[in-house]
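Peer 1: This is the content of upload-v7.txt (compact mmCIF, C-alpha atoms and all ligand atoms):
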```txt
# COMPACT_ATOMS: atom_id res chain seq x y z
CA MET Y 1 -7.57 25.66 34.21
CA LEU Y 2 -4.84 26.73 31.85
CA ASN Y 3 -2.86 28.79 34.36
CA ILE Y 4 -2.53 26.63 37.39
CA ILE Y 5 1.18 26.14 37.95
CA ASN Y 6 3.97 28.65 37.85
CA ASN Y 7 6.81 27.11 39.88
CA THR Y 8 7.55 24.02 37.84
CA THR Y 9 9.30 23.30 34.59
CA ILE Y 10 7.41 23.33 31.33
CA ILE Y 11 7.62 19.53 31.21
CA ASP Y 12 6.07 19.19 34.64
CA ARG Y 13 3.32 21.56 33.63
CA ASN Y 14 2.62 19.35 30.68
CA VAL Y 15 2.28 16.31 32.90
CA VAL Y 16 -0.06 17.95 35.39
CA ILE Y 17 -2.27 19.63 32.81
CA LEU Y 18 -2.38 16.51 30.71
CA HIS Y 19 -3.56 14.59 33.76
CA GLN Y 20 -6.34 17.11 34.31
CA ILE Y 21 -7.46 17.03 30.72
CA TRP Y 22 -7.50 13.27 30.50
CA SER Y 23 -8.84 12.31 33.91
CA ASN Y 24 -12.51 11.50 34.48
CA CYS Y 25 -12.89 10.68 30.83
CA ALA Y 26 -16.09 9.12 29.64
CA PRO Y 27 -15.64 5.59 28.32
CA THR Y 28 -14.97 5.42 24.60
CA LYS Y 29 -18.13 4.89 22.61
CA LYS Y 30 -17.65 2.54 19.73
CA LYS Y 31 -19.29 3.69 16.55
CA ASP Y 32 -18.53 2.21 13.19
CA ALA Y 33 -18.12 4.33 10.12
CA GLN Y 34 -21.41 4.32 8.30
CA THR Y 35 -19.84 3.90 4.93
CA LEU Y 36 -17.59 0.98 5.80
CA THR Y 37 -18.50 -2.62 5.39
CA THR Y 38 -16.61 -5.29 7.30
CA ASP Y 39 -15.96 -8.27 5.13
CA HIS Y 40 -12.90 -9.69 6.95
CA CYS Y 41 -11.57 -11.13 3.75
CA PHE Y 42 -7.99 -12.19 3.30
CA GLY Y 43 -6.40 -10.15 0.54
CA ILE Y 44 -3.69 -12.17 -1.18
CA ILE Y 45 -0.94 -10.18 -2.80
CA PRO Y 46 2.34 -11.58 -4.14
CA HIS Y 47 4.57 -12.47 -1.17
CA LYS Y 48 2.15 -10.87 1.27
CA ILE Y 49 -0.98 -11.94 3.04
CA PHE Y 50 -2.79 -9.44 5.19
CA MET Y 51 -6.16 -9.15 6.79
CA SER Y 52 -8.18 -6.50 5.05
CA THR Y 53 -11.22 -5.29 6.93
CA ASN Y 54 -12.58 -2.27 5.21
CA ARG Y 55 -14.06 -2.40 1.75
CA ILE Y 56 -15.34 1.02 0.80
CA GLU Y 57 -18.45 1.03 -1.35
CA SER Y 58 -19.60 4.63 -1.04
CA CYS Y 59 -18.05 8.02 -0.43
CA PRO Y 60 -18.14 8.96 3.28
CA ILE Y 61 -18.47 12.66 2.46
CA CYS Y 62 -21.12 12.91 -0.27
CA ASN Y 63 -22.49 9.34 -0.04
CA GLY Y 64 -21.94 8.97 -3.79
CA LYS Y 65 -21.54 5.46 -5.12
CA HIS Y 66 -19.56 6.40 -8.21
CA LEU Y 67 -16.11 5.24 -7.17
CA ILE Y 68 -13.69 4.81 -10.03
CA HIS Y 69 -10.25 3.24 -9.96
CA LYS Y 70 -7.66 6.01 -10.20
CA LEU Y 71 -4.30 4.28 -9.74
CA SER Y 72 -2.42 1.63 -7.84
CA TYR Y 73 0.02 2.93 -5.23
CA THR Y 74 2.71 0.57 -3.99
CA ASN Y 75 3.69 0.72 -0.36
CA ARG Y 76 7.42 0.26 -0.76
CA MET Y 77 8.21 -1.07 2.69
CA ALA Y 78 5.85 -4.03 2.27
CA ASN Y 79 5.99 -4.08 -1.54
CA THR Y 80 2.20 -4.12 -1.50
CA PRO Y 81 -0.05 -2.30 -3.98
CA PHE Y 82 -3.18 -0.48 -2.85
CA ASP Y 83 -5.95 0.68 -5.15
CA ILE Y 84 -6.75 4.37 -4.92
CA LEU Y 85 -10.36 5.10 -5.88
CA GLN Y 86 -11.84 8.47 -6.75
CA CYS Y 87 -15.38 9.61 -5.96
CA SER Y 88 -16.56 11.13 -9.23
CA ASP Y 89 -19.01 13.35 -7.34
CA CYS Y 90 -16.84 15.24 -4.81
CA GLY Y 91 -13.35 14.13 -5.87
CA LEU Y 92 -12.42 12.44 -2.57
CA HIS Y 93 -9.79 9.75 -3.15
CA ILE Y 94 -9.99 6.58 -1.10
CA THR Y 95 -7.51 3.80 -0.25
CA GLN Y 96 -9.37 0.56 -0.85
CA HIS Y 97 -8.81 -2.29 1.61
CA ALA Y 98 -6.76 -0.26 4.05
CA PRO Y 99 -5.67 -2.53 6.93
CA ARG Y 100 -6.91 -2.16 10.47
CA GLN Y 101 -5.02 0.30 12.65
CA GLN Y 102 -3.44 -2.50 14.67
CA ASP Y 103 -2.08 -4.10 11.48
CA MET Y 104 -0.65 -0.85 10.08
CA GLY Y 105 2.81 -1.45 11.53
CA ARG Y 106 3.67 -4.11 8.97
CA PHE Y 107 3.45 -1.51 6.19
CA TYR Y 108 5.78 0.83 8.05
CA PRO Y 109 7.90 -1.81 9.80
CA ASP Y 110 11.02 0.11 10.61
CA SER Y 111 10.35 3.10 8.41
CA GLU Y 112 10.05 5.45 11.32
CA SER Y 113 13.41 4.39 12.68
CA ASP Y 114 14.97 5.71 9.47
CA CYS Y 115 14.05 9.17 10.70
CA TYR Y 116 16.17 8.74 13.78
CA LYS Y 117 19.36 8.04 11.93
CA PRO Y 118 21.69 10.93 11.29
CA ALA Y 119 21.77 12.11 7.68
CA GLN Y 120 23.82 9.70 5.58
CA ASP Y 121 24.36 11.76 2.45
CA SER Y 122 23.77 15.18 0.94
CA CYS Y 123 20.18 14.19 -0.05
CA ASP Y 124 19.31 13.35 3.57
CA LYS Y 125 20.99 16.53 4.80
CA TRP Y 126 18.94 18.65 2.42
CA LEU Y 127 15.76 16.89 3.42
CA ASP Y 128 16.59 17.42 7.11
CA PHE Y 129 17.23 21.08 6.38
CA LEU Y 130 13.90 21.52 4.56
CA LEU Y 131 12.03 19.66 7.29
CA SER Y 132 13.53 21.83 10.02
CA LYS Y 133 12.36 24.88 8.03
CA TRP Y 134 8.93 23.27 7.79
CA HIS Y 135 8.68 22.78 11.57
CA LYS Y 136 9.49 26.48 12.05
CA GLU Y 137 6.98 27.50 9.38
CA ARG Y 138 4.26 25.56 11.16
CA VAL Y 139 5.00 27.33 14.44
CA LYS Y 140 4.60 30.64 12.59
CA ILE Y 141 1.33 29.46 11.02
CA VAL Y 142 -0.09 28.51 14.43
CA ARG Y 143 0.85 31.90 15.87
CA GLU Y 144 -0.68 33.79 12.96
CA GLU Y 145 -3.85 31.75 12.66
CA SER Y 146 -4.59 31.60 16.40
CA ARG Y 147 -3.35 35.15 17.03
CA ARG Y 148 -1.64 33.87 20.13
CA ASN Y 149 2.01 33.62 21.17
CA SER Y 150 1.33 30.89 23.73
CA GLY Y 151 -1.38 28.55 24.91
CA VAL Y 152 -2.24 24.88 25.23
CA LEU Y 153 -2.09 22.95 21.98
CA LEU Y 154 -2.92 19.40 20.93
CA GLU Y 155 -1.44 17.77 17.85
CA MET Y 156 -3.37 14.80 16.44
CA GLY Y 157 -0.92 12.33 14.91
CA CYS Y 158 2.42 13.86 15.83
CA LYS Y 159 4.66 11.05 14.52
CA GLU Y 160 8.03 11.54 16.30
CA GLY Y 161 6.95 14.85 17.83
CA TYR Y 162 9.15 17.24 15.86
CA PHE Y 163 6.47 19.92 15.56
CA ALA Y 164 5.22 19.41 19.14
CA ASN Y 165 8.78 19.92 20.34
CA ALA Y 166 9.26 22.99 18.14
CA ILE Y 167 6.10 24.72 19.36
CA ARG Y 168 6.88 23.86 22.99
CA ASN Y 169 10.27 25.49 22.55
CA ASN Y 170 8.36 28.60 21.48
CA GLY Y 171 6.45 28.98 24.73
CA TRP Y 172 3.45 26.71 24.20
CA ILE Y 173 2.27 23.75 26.23
CA ALA Y 174 2.12 20.92 23.73
CA HIS Y 175 0.27 17.63 24.01
CA ALA Y 176 0.08 15.04 21.28
CA VAL Y 177 -1.42 11.70 20.33
CA GLU Y 178 0.10 9.15 17.97
CA HIS Y 179 -0.82 5.60 16.96
CA ASP Y 180 2.68 4.44 16.00
CA PRO Y 181 4.30 3.07 19.19
CA THR Y 182 7.86 3.39 17.85
CA ALA Y 183 7.42 7.02 16.90
CA ARG Y 184 5.65 7.71 20.20
CA GLU Y 185 8.41 6.17 22.25
CA TYR Y 186 11.05 8.08 20.32
CA GLY Y 187 9.28 11.43 20.81
CA ASN Y 188 8.76 10.83 24.52
CA LYS Y 189 12.38 9.87 25.10
CA ARG Y 190 14.11 12.25 22.71
CA TYR Y 191 12.07 15.36 23.46
CA MET Y 192 10.55 14.51 26.86
CA LEU Y 193 7.10 14.99 25.38
CA GLN Y 194 3.88 13.50 26.69
CA ILE Y 195 2.70 11.71 23.57
CA GLU Y 196 -0.34 9.58 24.29
CA ASP Y 197 -1.50 6.47 22.46
CA GLY Y 198 -3.69 7.51 19.52
CA ARG Y 199 -6.40 5.13 20.75
CA ARG Y 200 -7.02 7.53 23.65
CA PHE Y 201 -7.86 10.42 21.35
CA PHE Y 202 -11.61 10.02 21.84
CA ASP Y 203 -11.15 9.99 25.64
CA ILE Y 204 -9.84 13.55 25.86
CA ASN Y 205 -12.13 15.94 27.69
CA PRO Y 206 -13.87 18.50 25.45
CA ARG Y 207 -12.99 22.22 25.39
CA SER Y 208 -9.44 21.57 26.59
CA TYR Y 209 -7.25 23.36 24.04
CA ASN Y 210 -6.65 26.82 22.65
CA VAL Y 211 -5.39 25.26 19.44
CA VAL Y 212 -5.75 21.79 17.93
CA VAL Y 213 -3.73 20.87 14.85
CA ALA Y 214 -3.92 17.93 12.45
CA TRP Y 215 -1.06 18.14 9.96
CA ASP Y 216 -2.17 15.83 7.19
CA THR Y 217 -3.56 13.26 9.64
CA LEU Y 218 -7.33 13.63 9.23
CA GLY Y 219 -7.04 11.31 6.22
CA GLU Y 220 -5.69 8.58 8.52
CA ALA Y 221 -8.88 8.43 10.59
CA VAL Y 222 -10.97 5.28 10.29
CA ASP Y 223 -14.17 7.30 10.83
CA ILE Y 224 -13.57 10.74 9.36
CA HIS Y 225 -16.90 12.19 10.61
CA ARG Y 226 -16.43 11.07 14.19
CA THR Y 227 -12.86 12.39 14.13
CA ILE Y 228 -13.66 15.87 12.82
CA ASP Y 229 -16.53 16.07 15.31
CA LYS Y 230 -14.12 15.27 18.12
CA LEU Y 231 -11.56 17.78 16.82
CA SER Y 232 -14.23 20.49 16.87
CA GLN Y 233 -15.17 19.59 20.45
CA LEU Y 234 -11.59 19.78 21.74
CA ILE Y 235 -11.04 23.49 21.14
CA VAL Y 236 -12.31 26.03 23.65
CA ARG Y 237 -15.17 28.25 22.43
CA ASP Y 238 -12.86 30.82 20.85
CA GLY Y 239 -10.19 28.23 20.03
CA THR Y 240 -8.58 27.51 16.68
CA LEU Y 241 -8.61 24.28 14.73
CA ILE Y 242 -5.98 23.90 12.01
CA ILE Y 243 -6.38 21.05 9.54
CA ALA Y 244 -3.88 20.57 6.73
CA PHE Y 245 -3.78 18.00 3.95
CA HIS Y 246 -2.07 17.02 0.74
CA ASN Y 247 -4.40 17.89 -2.12
CA ALA Y 248 -5.22 14.75 -4.12
CA MET Y 249 -6.45 16.97 -6.97
CA SER Y 250 -3.23 19.01 -7.12
CA ASN Y 251 -1.13 19.49 -10.24
CA ASP Y 252 1.65 17.45 -8.62
CA ALA Y 253 -0.65 14.54 -7.75
CA ARG Y 254 -1.74 14.42 -11.40
CA GLN Y 255 1.80 14.84 -12.72
CA TYR Y 256 3.56 12.29 -10.51
CA GLY Y 257 0.67 9.78 -10.54
CA ALA Y 258 1.49 6.64 -8.56
CA SER Y 259 4.90 8.11 -7.62
CA TRP Y 260 3.35 11.04 -5.74
CA SER Y 261 4.50 10.70 -2.13
CA GLY Y 262 1.36 12.49 -0.90
CA TRP Y 263 -0.65 9.26 -1.31
CA ASP Y 264 1.18 7.54 1.58
CA ALA Y 265 -1.12 4.50 1.49
CA PRO Y 266 -2.25 2.56 3.40
CA ARG Y 267 -1.67 4.87 6.39
CA LYS Y 268 -3.78 7.48 4.63
CA ARG Y 269 -7.28 6.14 4.02
CA TRP Y 270 -8.89 9.35 2.71
CA HIS Y 271 -7.12 11.70 0.29
CA LEU Y 272 -8.77 15.09 0.55
CA ASN Y 273 -9.12 18.02 -1.84
CA PRO Y 274 -10.61 21.48 -1.18
CA GLN Y 275 -14.07 20.64 -2.56
CA ALA Y 276 -14.43 17.42 -0.56
CA PHE Y 277 -12.97 18.99 2.60
CA GLU Y 278 -15.29 21.99 2.47
CA ALA Y 279 -18.26 19.66 1.93
CA LEU Y 280 -17.14 17.68 4.99
CA VAL Y 281 -16.75 20.77 7.16
CA ASN Y 282 -20.23 21.97 6.19
CA GLN Y 283 -21.67 18.82 7.74
CA HIS Y 284 -20.14 19.68 11.12
CA ASN Y 285 -20.32 22.60 13.47
CA LEU Y 286 -17.30 24.39 12.03
CA GLU Y 287 -16.65 27.54 10.08
CA ILE Y 288 -13.71 28.04 7.69
CA VAL Y 289 -12.00 31.34 8.51
CA ASN Y 290 -8.87 31.04 6.40
CA LYS Y 291 -7.26 28.88 3.74
CA ARG Y 292 -3.59 29.01 2.80
CA HIS Y 293 -1.05 26.79 1.12
CA SER Y 294 2.60 25.97 1.73
CA SER Y 295 5.14 26.12 -1.09
CA LEU Y 296 7.78 24.72 1.26
CA CYS Y 297 5.77 21.59 2.05
CA ALA Y 298 4.89 21.28 -1.65
CA SER Y 299 8.59 21.39 -2.46
CA ILE Y 300 9.40 18.67 0.11
CA THR Y 301 6.61 16.46 -1.30
CA ALA Y 302 7.79 17.00 -4.88
CA LEU Y 303 11.38 16.20 -3.91
CA SER Y 304 10.27 12.99 -2.23
CA SER Y 305 8.17 12.10 -5.31
CA GLU Y 306 11.15 12.74 -7.57
CA TRP Y 307 13.16 10.26 -5.51
CA GLN Y 308 10.34 7.70 -5.71
CA GLN Y 309 10.40 7.99 -9.50
CA ALA Y 310 14.17 7.82 -9.89
CA ALA Y 311 16.16 4.59 -9.83
CA LYS Y 312 18.95 6.39 -7.97
CA LYS Y 313 18.51 9.18 -5.45
CA ARG Y 314 20.05 12.38 -6.82
CA LEU Y 315 19.94 15.86 -5.34
CA ILE Y 316 20.48 18.90 -7.53
CA THR Y 317 18.12 18.36 -10.46
CA PRO Y 318 15.19 16.96 -8.39
CA LEU Y 319 15.69 19.69 -5.78
CA LEU Y 320 15.63 22.49 -8.34
CA ARG Y 321 12.74 20.91 -10.22
CA SER Y 322 10.67 20.49 -7.04
CA MET Y 323 11.31 24.10 -5.97
CA VAL Y 324 10.43 25.49 -9.38
CA ARG Y 325 7.25 23.40 -9.47
CA ALA Y 326 6.20 24.67 -6.02
CA ILE Y 327 6.85 28.31 -6.91
CA LYS Y 328 5.21 28.13 -10.34
CA THR Y 329 1.99 26.56 -9.08
CA LYS Y 330 -0.74 29.19 -8.98
CA GLU Y 331 -3.76 26.97 -8.33
CA ASN Y 332 -4.47 23.38 -7.33
CA HIS Y 333 -1.70 23.61 -4.75
CA THR Y 334 -0.11 20.53 -3.23
CA TYR Y 335 -0.64 21.31 0.45
CA TYR Y 336 -3.54 23.28 1.94
CA ILE Y 337 -3.90 24.55 5.49
CA TYR Y 338 -7.37 25.44 6.73
CA THR Y 339 -8.16 27.44 9.85
CA LEU Y 340 -11.52 26.66 11.41
CA LYS Y 341 -13.52 27.98 14.32
CA TYR Y 342 -16.32 26.48 16.32
CA LYS Y 343 -19.59 27.78 14.89
CA GLN Y 344 -21.39 29.73 17.61
CA ARG Y 345 -25.10 28.98 17.83
ZN ZN G 401 -17.84 11.98 -2.73
```
Using structure tokens, write down the structure from this file.
Peer 2:
Amino acid sequence: MLNIINNTTIIDRNVVILHQIWSNCAPTKKKDAQTLTTDHCFGIIPHKIFMSTNRIESCPICNGKHLIHKLSYTNRMANTPFDILQCSDCGLHITQHAPRQQDMGRFYPDSESDCYKPAQDSCDKWLDFLLSKWHKERVKIVREESRRNSGVLLEMGCKEGYFANAIRNNGWIAHAVEHDPTAREYGNKRYMLQIEDGRRFFDINPRSYNVVVAWDTLGEAVDIHRTIDKLSQLIVRDGTLIIAFHNAMSNDARQYGASWSGWDAPRKRWHLNPQAFEALVNQHNLEIVNKRHSSLCASITALSSEWQQAAKKRLITPLLRSMVRAIKTKENHTYYIYTLKYKQR
């Protein structure tokens, strides 16, 4: 199935293989998250009214009911605060009253389009430089963790498709799904990718990919159990699943508090940490085969947090401080990358 066409361009191969993987899909089964209650209340916040659907009353990972208020994170685009709760049993952090997926756009109205603009100043140029290094680092991680130099890969939540494009340029066939229509359209036009609507994620045929990656997007899933189950089903029997996340229990999360850019609420509903993630994985048919962290991604997150804290965006001091923080951290890292395999029975 994976080696069917040799005489066409890589883009054409993507189209044909994508069609095979997605055709004859079973209809999507609707299953609500067990831990969510639907109260359809109208949350009223200064200058903003939005429909809030999900009030979380118990932890979806350990079922604990001891949720304590940790902090209030303000989504800057909509100037809207969101309560971040912490499960005192497993440490999972939760965005309370996260909007429905279809309402998410108003909290990131044109934020994605900012990414398309050329760098305006030295701060943007440095960030672009670090991000381009990060895309390359992820390609290297996929190669090392999967022990493959090529294959068919799916990225869940690819945003504008920078990583999908980077790995395709390194000899892989890359497919991707993304909820944000603006980001999806940009990636498809700019990079000629085949980014599908995130709503079709559950329609993809099982055992279709050598590698599936979720770079800090598992926390965006409405139903985290259904999503990790689906991720585990998408890899072939000897395939590799890579799940990465910002660690809500990291030194930086504690230090920056509500200014930590890793919260990214309300897009991110669940804020993982190693203990909670490993407890989640143990409930599914997956085995952890490796765990690593990224100082580069930690540095980018710290730099972004520094800018959130500062009244004026400056470069040198925040850049140096973020790099020193990332290098000095010996435990409770900011960004973890887990490699998982399907557990053979
Ligand atoms: Zn918990």
Peer 1: Which residues are near range 274-291 of chain Y? Cut-off 9 Å, only C-alpha atoms, ignore same chain within fewer than 4 positions. Put them as a ChimeraX atom specification.
Peer 2: /Y:60-62,90-92,145,224-225,228-229,232,247,249,332,336-344
Peer 1: If you measure from CA of Ile195 in chain Y to CA of Arg168 in chain Y, what distance in Å do you get, rounded to one decimal?
Peer 2: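 Computing it gives 12.9 Å between the two atoms.
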Peer 1: For Pro99 in chain Y, which residue out of Y:Lys189, Y:Arg237, Y:Arg267, Y:Lys133 is the nearest one, using all atoms listed in the file?
Peer 2: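 Of all the options, Y:Arg267 lies closest to Pro99 in chain Y.
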Peer 1: Pick the closest to ligand ZN 401 (chain G) from Y:Asp128, Y:Asp89, Y:Glu57, Y:Asp83: which is it, counting only C-alpha atoms and all ligand atoms?
Peer 2: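 Result for the nearest residue to ligand ZN 401 (chain G): Y:Asp89.
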Peer 1: Please report the interatomic distance between CA of Phe107 in chain Y and CA of Cys297 in chain Y in Å with one decimal.
Peer 2: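 According to the coordinates, CA of Phe107 in chain Y and CA of Cys297 in chain Y are separated by 23.6 Å.
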